[in-house]
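Dropping entry_2.cif in here (mmCIF, C-alpha atoms):
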```cif
data_query
#
loop_
_atom_site.label_atom_id
_atom_site.label_comp_id
_atom_site.auth_asym_id
_atom_site.auth_seq_id
_atom_site.Cartn_x
_atom_site.Cartn_y
_atom_site.Cartn_z
CA MET A 51 11.84 -76.85 -39.72
CA PRO A 52 13.81 -77.56 -42.91
CA ASP A 53 14.89 -74.47 -44.86
CA GLU A 54 12.70 -75.36 -47.81
CA MET A 55 9.61 -75.40 -45.56
CA VAL A 56 10.08 -71.97 -43.97
CA GLU A 57 7.96 -70.02 -46.44
CA ALA A 58 5.16 -72.58 -46.28
CA HIS A 59 5.10 -72.29 -42.49
CA LEU A 60 5.01 -68.49 -42.59
CA ARG A 61 2.26 -68.51 -45.20
CA GLY A 62 0.30 -71.00 -43.11
CA VAL A 63 0.39 -69.06 -39.86
CA ARG A 64 -0.42 -65.80 -41.66
CA ASN A 65 -3.46 -67.41 -43.30
CA ALA A 66 -4.61 -68.71 -39.93
CA LEU A 67 -4.07 -65.29 -38.37
CA ALA A 68 -6.17 -63.62 -41.06
CA ALA A 69 -9.00 -66.11 -40.58
CA GLY A 70 -9.07 -65.69 -36.81
CA TRP A 71 -8.88 -61.91 -37.08
CA ARG A 72 -11.85 -61.78 -39.44
CA VAL A 73 -13.93 -63.48 -36.75
CA LEU A 74 -12.84 -60.98 -34.09
CA GLU A 75 -13.26 -58.01 -36.42
CA ARG A 76 -16.94 -58.76 -36.97
CA GLY A 77 -17.54 -59.13 -33.24
CA GLY A 78 -17.18 -62.91 -33.00
CA SER A 79 -16.03 -64.70 -29.87
CA SER A 80 -12.47 -65.68 -29.05
CA VAL A 81 -13.57 -69.33 -29.14
CA ASP A 82 -14.85 -68.91 -32.69
CA ALA A 83 -11.61 -67.16 -33.65
CA VAL A 84 -9.24 -69.85 -32.38
CA GLU A 85 -11.36 -72.59 -33.94
CA GLU A 86 -11.29 -70.83 -37.31
CA ALA A 87 -7.54 -70.24 -37.14
CA VAL A 88 -6.82 -73.87 -36.27
CA VAL A 89 -9.10 -75.17 -39.04
CA ILE A 90 -6.98 -73.27 -41.56
CA MET A 91 -3.82 -74.95 -40.25
CA GLU A 92 -5.44 -78.40 -40.05
CA ASP A 93 -6.29 -78.01 -43.74
CA ASP A 94 -2.71 -76.94 -44.58
CA GLU A 95 -0.52 -79.96 -45.29
CA THR A 96 2.54 -78.04 -44.07
CA PHE A 97 1.63 -78.74 -40.45
CA ASP A 98 1.31 -81.81 -38.24
CA ALA A 99 -2.46 -81.47 -37.83
CA GLY A 100 -5.33 -82.74 -39.94
CA ARG A 101 -4.37 -83.85 -43.43
CA GLY A 102 -0.61 -84.24 -43.82
CA SER A 103 0.02 -85.26 -40.21
CA PHE A 104 2.77 -87.62 -39.14
CA LEU A 105 1.90 -91.31 -39.42
CA ASN A 106 1.93 -93.65 -36.46
CA ARG A 107 3.78 -96.94 -36.35
CA ASP A 108 0.96 -98.67 -38.27
CA GLY A 109 0.96 -96.04 -41.02
CA LYS A 110 -2.23 -94.32 -39.88
CA VAL A 111 -3.05 -90.73 -38.94
CA GLN A 112 -4.35 -90.38 -35.38
CA LEU A 113 -5.35 -86.87 -34.32
CA ASP A 114 -5.84 -85.04 -31.02
CA ALA A 115 -7.33 -81.57 -30.37
CA LEU A 116 -8.61 -79.36 -27.56
CA ILE A 117 -10.39 -76.03 -27.38
CA MET A 118 -11.08 -74.07 -24.18
CA GLU A 119 -12.82 -70.81 -23.32
CA GLY A 120 -11.53 -68.64 -20.52
CA ALA A 121 -14.81 -67.09 -19.42
CA THR A 122 -16.45 -70.34 -18.30
CA LEU A 123 -13.55 -72.84 -18.27
CA ARG A 124 -15.62 -75.00 -20.60
CA ALA A 125 -13.52 -77.19 -22.87
CA GLY A 126 -13.84 -79.88 -25.49
CA GLY A 127 -11.24 -82.41 -26.52
CA VAL A 128 -10.80 -85.41 -28.80
CA GLY A 129 -8.04 -87.98 -28.81
CA CYS A 130 -6.85 -90.70 -31.20
CA VAL A 131 -9.43 -89.95 -33.87
CA GLU A 132 -8.80 -91.36 -37.33
CA ARG A 133 -11.76 -90.15 -39.41
CA LEU A 134 -11.99 -86.43 -38.72
CA ARG A 135 -10.46 -83.97 -41.16
CA ASN A 136 -10.89 -81.14 -38.63
CA PRO A 137 -10.74 -82.55 -35.11
CA ILE A 138 -10.90 -79.03 -33.64
CA CYS A 139 -14.48 -78.76 -34.97
CA ALA A 140 -15.43 -81.92 -33.11
CA ALA A 141 -13.74 -80.54 -29.99
CA ARG A 142 -15.76 -77.35 -30.35
CA LYS A 143 -19.01 -79.34 -30.57
CA ILE A 144 -18.07 -81.10 -27.33
CA LEU A 145 -17.41 -77.74 -25.65
CA SER A 146 -20.74 -76.33 -26.81
CA GLU A 147 -23.08 -79.30 -26.82
CA SER A 148 -21.89 -81.92 -24.33
CA PRO A 149 -21.71 -82.09 -20.53
CA HIS A 150 -18.50 -84.06 -21.04
CA VAL A 151 -15.09 -82.60 -21.79
CA TYR A 152 -13.31 -85.38 -23.61
CA PHE A 153 -14.06 -88.14 -26.12
CA VAL A 154 -11.57 -90.57 -27.67
CA GLY A 155 -11.38 -92.88 -30.64
CA GLU A 156 -14.56 -94.28 -32.08
CA GLY A 157 -16.71 -92.60 -29.43
CA ALA A 158 -15.36 -89.21 -30.43
CA GLU A 159 -16.03 -89.91 -34.09
CA ARG A 160 -19.58 -91.05 -33.30
CA PHE A 161 -20.25 -87.91 -31.26
CA ALA A 162 -18.88 -85.76 -34.08
CA ALA A 163 -21.04 -87.45 -36.71
CA GLU A 164 -24.15 -87.13 -34.53
CA HIS A 165 -23.48 -83.40 -34.21
CA GLY A 166 -22.97 -82.63 -37.87
CA VAL A 167 -19.20 -82.96 -38.22
CA PRO A 168 -18.54 -85.07 -41.34
CA LEU A 169 -16.33 -88.15 -41.14
CA CYS A 170 -13.70 -89.05 -43.72
CA LYS A 171 -11.56 -92.07 -44.51
CA ASN A 172 -8.19 -92.26 -42.79
CA GLU A 173 -6.57 -92.52 -46.21
CA ASP A 174 -7.90 -89.03 -46.97
CA LEU A 175 -5.60 -87.66 -44.25
CA ILE A 176 -2.44 -89.38 -45.54
CA ILE A 177 -0.11 -87.71 -48.03
CA PRO A 178 2.87 -89.23 -49.93
CA ARG A 179 5.43 -87.07 -48.06
CA GLU A 180 4.50 -88.68 -44.78
CA ILE A 181 4.45 -92.23 -46.16
CA GLU A 182 8.03 -91.68 -47.31
CA ARG A 183 9.04 -90.03 -44.04
CA LEU A 184 7.73 -92.98 -42.02
CA ARG A 185 9.41 -95.47 -44.33
CA GLU A 186 12.77 -93.70 -43.94
CA TYR A 187 12.41 -93.43 -40.18
CA GLN A 188 11.52 -97.09 -39.74
CA ALA A 189 14.35 -98.16 -42.05
CA GLN A 190 16.82 -96.15 -39.97
CA ALA A 191 15.41 -97.61 -36.78
CA ALA A 192 15.76 -101.14 -38.14
CA SER A 193 19.42 -100.47 -38.91
CA GLY A 194 20.07 -98.85 -35.53
CA GLY A 195 20.33 -95.39 -37.08
CA ASN A 196 17.90 -93.64 -34.76
CA ASP A 197 19.94 -93.97 -31.60
CA GLY A 198 20.07 -90.21 -31.20
CA ASN A 199 16.30 -89.87 -31.32
CA ASP A 200 15.66 -90.50 -27.66
CA LEU A 201 11.91 -90.43 -27.00
CA PHE A 202 12.05 -87.54 -24.58
CA ALA A 203 14.91 -85.46 -25.96
CA PRO A 204 15.45 -86.18 -29.65
CA ALA A 205 17.98 -84.21 -31.65
CA VAL A 206 16.06 -81.01 -32.32
CA HIS A 207 17.94 -80.34 -35.55
CA ASP A 208 16.69 -83.63 -37.03
CA ALA A 209 13.95 -82.79 -39.53
CA THR A 210 12.38 -86.22 -39.12
CA VAL A 211 11.37 -85.36 -35.56
CA SER A 212 10.09 -81.85 -36.16
CA HIS A 213 6.87 -80.92 -34.37
CA ASP A 214 4.31 -78.93 -36.29
CA THR A 215 1.47 -79.02 -33.78
CA VAL A 216 -0.78 -76.01 -34.38
CA GLY A 217 -2.40 -73.70 -31.86
CA ALA A 218 -4.08 -70.35 -31.45
CA VAL A 219 -4.96 -67.95 -28.63
CA ALA A 220 -7.33 -64.99 -28.91
CA LEU A 221 -8.90 -62.11 -26.97
CA ASP A 222 -12.28 -60.78 -28.14
CA ARG A 223 -13.98 -57.40 -27.69
CA ASP A 224 -15.90 -58.72 -24.66
CA GLY A 225 -12.61 -59.33 -22.85
CA ASN A 226 -12.77 -63.13 -23.09
CA ILE A 227 -9.81 -65.27 -24.05
CA ALA A 228 -9.66 -68.75 -25.58
CA ALA A 229 -7.09 -71.30 -26.69
CA ALA A 230 -7.02 -74.21 -29.14
CA THR A 231 -4.41 -76.84 -30.02
CA SER A 232 -4.47 -79.59 -32.66
CA THR A 233 -1.92 -82.23 -33.63
CA GLY A 234 -1.15 -85.44 -35.42
CA GLY A 235 1.30 -86.35 -32.68
CA THR A 236 4.79 -87.69 -33.22
CA LEU A 237 6.26 -89.63 -36.11
CA ASN A 238 6.09 -93.42 -35.70
CA LYS A 239 4.18 -93.12 -32.40
CA ALA A 240 2.57 -96.22 -30.94
CA PRO A 241 -1.09 -96.57 -31.92
CA GLY A 242 -3.26 -95.06 -29.19
CA ARG A 243 -0.49 -92.81 -27.85
CA LEU A 244 -1.83 -89.49 -26.63
CA GLY A 245 0.36 -86.40 -26.38
CA ASP A 246 0.03 -83.13 -24.51
CA SER A 247 -1.86 -81.15 -27.13
CA SER A 248 -5.40 -82.17 -26.24
CA LEU A 249 -4.94 -82.47 -22.48
CA ILE A 250 -6.25 -79.57 -20.39
CA GLY A 251 -3.40 -77.73 -18.73
CA CYS A 252 -0.71 -79.56 -20.67
CA GLY A 253 -0.87 -78.45 -24.30
CA CYS A 254 -3.80 -76.08 -23.98
CA TYR A 255 -5.46 -73.94 -21.31
CA ALA A 256 -7.59 -70.81 -21.01
CA ASP A 257 -8.84 -68.89 -17.99
CA ASN A 258 -9.83 -65.21 -18.06
CA GLU A 259 -8.24 -64.83 -14.63
CA SER A 260 -4.82 -65.95 -15.89
CA ALA A 261 -4.12 -66.63 -19.56
CA ALA A 262 -4.80 -68.56 -22.75
CA VAL A 263 -1.93 -70.89 -23.60
CA SER A 264 -1.06 -73.32 -26.41
CA THR A 265 2.13 -75.38 -26.63
CA THR A 266 3.98 -77.37 -29.26
CA GLY A 267 6.87 -79.79 -28.94
CA TRP A 268 7.59 -83.24 -27.59
CA GLY A 269 4.48 -84.18 -25.65
CA GLU A 270 5.72 -86.46 -22.89
CA PRO A 271 7.89 -83.86 -21.09
CA ILE A 272 5.21 -81.17 -21.52
CA MET A 273 2.60 -83.47 -19.96
CA LYS A 274 4.81 -84.19 -16.96
CA LEU A 275 5.01 -80.48 -16.17
CA VAL A 276 1.37 -79.63 -16.99
CA LEU A 277 3.13 -76.80 -18.79
CA ALA A 278 0.24 -74.69 -20.10
CA LYS A 279 -1.29 -74.44 -16.63
CA TRP A 280 2.17 -73.80 -15.14
CA ALA A 281 2.57 -70.78 -17.42
CA ALA A 282 -0.97 -69.55 -16.74
CA ASP A 283 -0.37 -69.78 -12.98
CA ARG A 284 2.71 -67.58 -13.32
CA ILE A 285 0.55 -64.93 -14.97
CA ALA A 286 -2.14 -65.25 -12.29
CA ALA A 287 0.65 -64.54 -9.79
CA GLY A 288 1.38 -61.22 -11.51
CA ASN A 289 3.99 -62.01 -14.15
CA LEU A 290 3.71 -60.78 -17.73
CA PRO A 291 3.04 -63.36 -20.48
CA GLU A 292 6.34 -62.52 -22.18
CA TRP A 293 8.26 -63.54 -19.06
CA ALA A 294 6.06 -66.57 -18.34
CA ALA A 295 6.50 -67.91 -21.87
CA GLN A 296 10.28 -67.74 -21.72
CA GLU A 297 10.38 -69.18 -18.21
CA ALA A 298 8.16 -72.06 -19.31
CA MET A 299 10.68 -72.96 -22.00
CA ASN A 300 13.55 -72.73 -19.50
CA TYR A 301 11.63 -74.92 -17.07
CA LEU A 302 10.86 -77.47 -19.80
CA LYS A 303 14.54 -77.76 -20.72
CA GLN A 304 16.00 -77.69 -17.22
CA ARG A 305 13.50 -79.96 -15.48
CA VAL A 306 12.90 -82.71 -18.04
CA ASN A 307 15.26 -81.87 -20.94
CA GLY A 308 12.25 -81.16 -23.15
CA HIS A 309 11.95 -78.90 -26.15
CA GLY A 310 9.08 -77.04 -27.73
CA GLY A 311 7.33 -73.71 -28.01
CA ILE A 312 4.53 -71.76 -26.38
CA ILE A 313 2.13 -68.90 -27.12
CA VAL A 314 0.48 -67.05 -24.24
CA LEU A 315 -2.15 -64.29 -24.08
CA ASP A 316 -3.82 -62.65 -21.09
CA ALA A 317 -7.17 -60.86 -20.82
CA HIS A 318 -5.41 -57.47 -21.03
CA GLY A 319 -3.98 -58.24 -24.45
CA HIS A 320 -0.42 -58.89 -23.28
CA PHE A 321 1.20 -61.78 -25.13
CA GLY A 322 4.24 -64.01 -24.91
CA ILE A 323 5.89 -66.16 -27.58
CA ALA A 324 8.88 -68.40 -26.84
CA HIS A 325 10.57 -71.59 -27.98
CA ASN A 326 13.74 -73.47 -27.12
CA THR A 327 13.99 -75.04 -30.56
CA PRO A 328 15.86 -73.44 -33.48
CA ARG A 329 12.64 -72.32 -35.16
CA MET A 330 8.92 -72.01 -34.53
CA ALA A 331 6.49 -70.35 -36.92
CA TRP A 332 4.33 -67.72 -35.21
CA ALA A 333 2.10 -64.81 -36.11
CA LEU A 334 0.22 -62.21 -34.08
CA LYS A 335 -2.19 -59.37 -34.71
CA SER A 336 -3.77 -56.69 -32.56
CA VAL A 337 -5.38 -53.36 -33.35
CA GLN A 338 -1.93 -51.81 -32.92
CA LYS A 339 0.37 -54.23 -34.74
CA GLU A 340 0.81 -57.31 -36.90
CA ASP A 341 3.90 -59.51 -37.08
CA ALA A 342 5.06 -63.00 -38.01
CA GLY A 343 8.29 -64.94 -38.00
CA ILE A 344 10.06 -68.24 -37.44
CA GLU A 345 12.34 -67.18 -34.63
CA ARG A 346 11.63 -65.41 -31.37
CA SER A 347 14.58 -63.93 -29.54
CA SER A 348 14.97 -64.74 -25.86
CA LEU A 349 14.47 -62.14 -23.14
#
```
Produce structure tokens that represent the structure in this file.
Amino acid sequence: MPDEMVEAHLRGVRNALAAGWRVLERGGSSVDAVEEAVVIMEDDETFDAGRGSFLNRDGKVQLDALIMEGATLRAGGVGCVERLRNPICAARKILSESPHVYFVGEGAERFAAEHGVPLCKNEDLIIPREIERLREYQAQAASGGNDGNDLFAPAVHDATVSHDTVGAVALDRDGNIAAATSTGGTLNKAPGRLGDSSLIGCGCYADNESAAVSTTGWGEPIMKLVLAKWAADRIAAGNLPEWAAQEAMNYLKQRVNGHGGIIVLDAHGHFGIAHNTPRMAWALKSVQKEDAGIERSSL
């Protein structure tokens, strides 16, 4: 996260927090709350989700999203969609109105349109900042300048390979938890590449009997570890979310040299926030406290 983007990230997560909290405050469900929070971040060009996302190798935006409710284990996900401004809304329609869990590409867009989610042009999701970022990245690659950006463990201080995947977890007054994650994936990714964000148990998971989890970071290592479910299982075994979050980041680094961040919430309102990158924007609110930041100290 470049220094000049810090305030935009903090403003973005605070806006998302406020939107999700308004849903909970009026008695709405945790699923409604995480959807609302993620919509705010998809609409914020600061993040790698919705409009303003990283471009793939062909210069297009391809988006992935998942939403899951802990009470029923119902979930909805979309992958590689190019004409949805808010893919989390399409994912929510799948959760609520389809016997299926996952739709990809054109099929996902068709399902969304049939269920009242408007389609847009792919160009509507592209902003000049990302056109320039892709151009610079591909120029460096052509000259051999991206040698340090190994696919699975790129230099985390390199702003060109930052990861601004967005996610939210929530607990409602009925004691139900939910999680949602949305992303534009990685810069210069191959068309059709799917990351961890929209895969159940990898970048997103929710079960009232364990935890709601959302991750961010480089997707391939996170997928290999099924990291969200790994963290939830630690909580089901009796560990606190704070410990499970930090251990998940340690596991990610030690096992597959991966980097990223994680937010975790259990049905008792205990939460965990951790990252093994220099910075990750986060915000939290409960009836007792409200906080936000870009760094989370280790245990």
message: Starting from the PyMOL selection byres ((chain A and resi 321-327) around 7), expand the selection into actual residues of this file and give them as a list in words.
response: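 Written out, the selection comes to Val206, Pro291, Glu292, Ala295, Gln296, Met299, His309, Gly310, Gly311, Ile312, Ile313, Val314, Leu315, Asp316, Gly319, His320, Pro328, Arg329, Met330 and Arg346 of chain A.
Comparing the minimum interatomic distances between Gly62 in chain A and each of A:Asn307, A:Thr96, A:Ser80, A:Asn258, counting only C-alpha atoms, we find that A:Thr96 sits nearest.
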- request: For CA of Pro168 in chain A and CA of Asn226 in chain A, quote the distance in Å rounded to one decimal.
  value: 29.1 Å
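Nearest residue to Arg72 in chain A, choosing from A:Ala162, A:Leu184, A:Ala278, A:Ala220 and counting all atoms listed in the file: A:Ala220.
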query: Distance CA of Ala66 in chain A-CA of Val154 in chain A, one decimal place?
result: 26.0 Å
task: May I ask for the distance between CA of Gly253 in chain A and CA of Ile227 in chain A, given in Å to one decimal place?
output: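 Here the two named atoms are 15.9 Å from each other.
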Run the PyMOL selection byres ((chain A and resi 136-139) around 8) against the file shown and list the residues it catches, as a CSV table (one decimal) with C-alpha atoms, in the frame of the given file.
```csv
chain,number,residue,atom,x,y,z
A,85,GLU,CA,-11.4,-72.6,-33.9
A,88,VAL,CA,-6.8,-73.9,-36.3
A,89,VAL,CA,-9.1,-75.2,-39.0
A,92,GLU,CA,-5.4,-78.4,-40.0
A,93,ASP,CA,-6.3,-78.0,-43.7
A,100,GLY,CA,-5.3,-82.7,-39.9
A,113,LEU,CA,-5.4,-86.9,-34.3
A,114,ASP,CA,-5.8,-85.0,-31.0
A,115,ALA,CA,-7.3,-81.6,-30.4
A,116,LEU,CA,-8.6,-79.4,-27.6
A,117,ILE,CA,-10.4,-76.0,-27.4
A,127,GLY,CA,-11.2,-82.4,-26.5
A,128,VAL,CA,-10.8,-85.4,-28.8
A,131,VAL,CA,-9.4,-90.0,-33.9
A,134,LEU,CA,-12.0,-86.4,-38.7
A,135,ARG,CA,-10.5,-84.0,-41.2
A,140,ALA,CA,-15.4,-81.9,-33.1
A,141,ALA,CA,-13.7,-80.5,-30.0
A,142,ARG,CA,-15.8,-77.4,-30.4
A,143,LYS,CA,-19.0,-79.3,-30.6
A,167,VAL,CA,-19.2,-83.0,-38.2
A,230,ALA,CA,-7.0,-74.2,-29.1
A,231,THR,CA,-4.4,-76.8,-30.0
A,232,SER,CA,-4.5,-79.6,-32.7
```
query: So, counting only C-alpha atoms, which residue among A:Glu297, A:Asp98, A:Glu259, A:Asp224 is closest to Val81 in chain A?
result: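 Of the candidates, the smallest distance to Val81 in chain A is held by A:Asp224.
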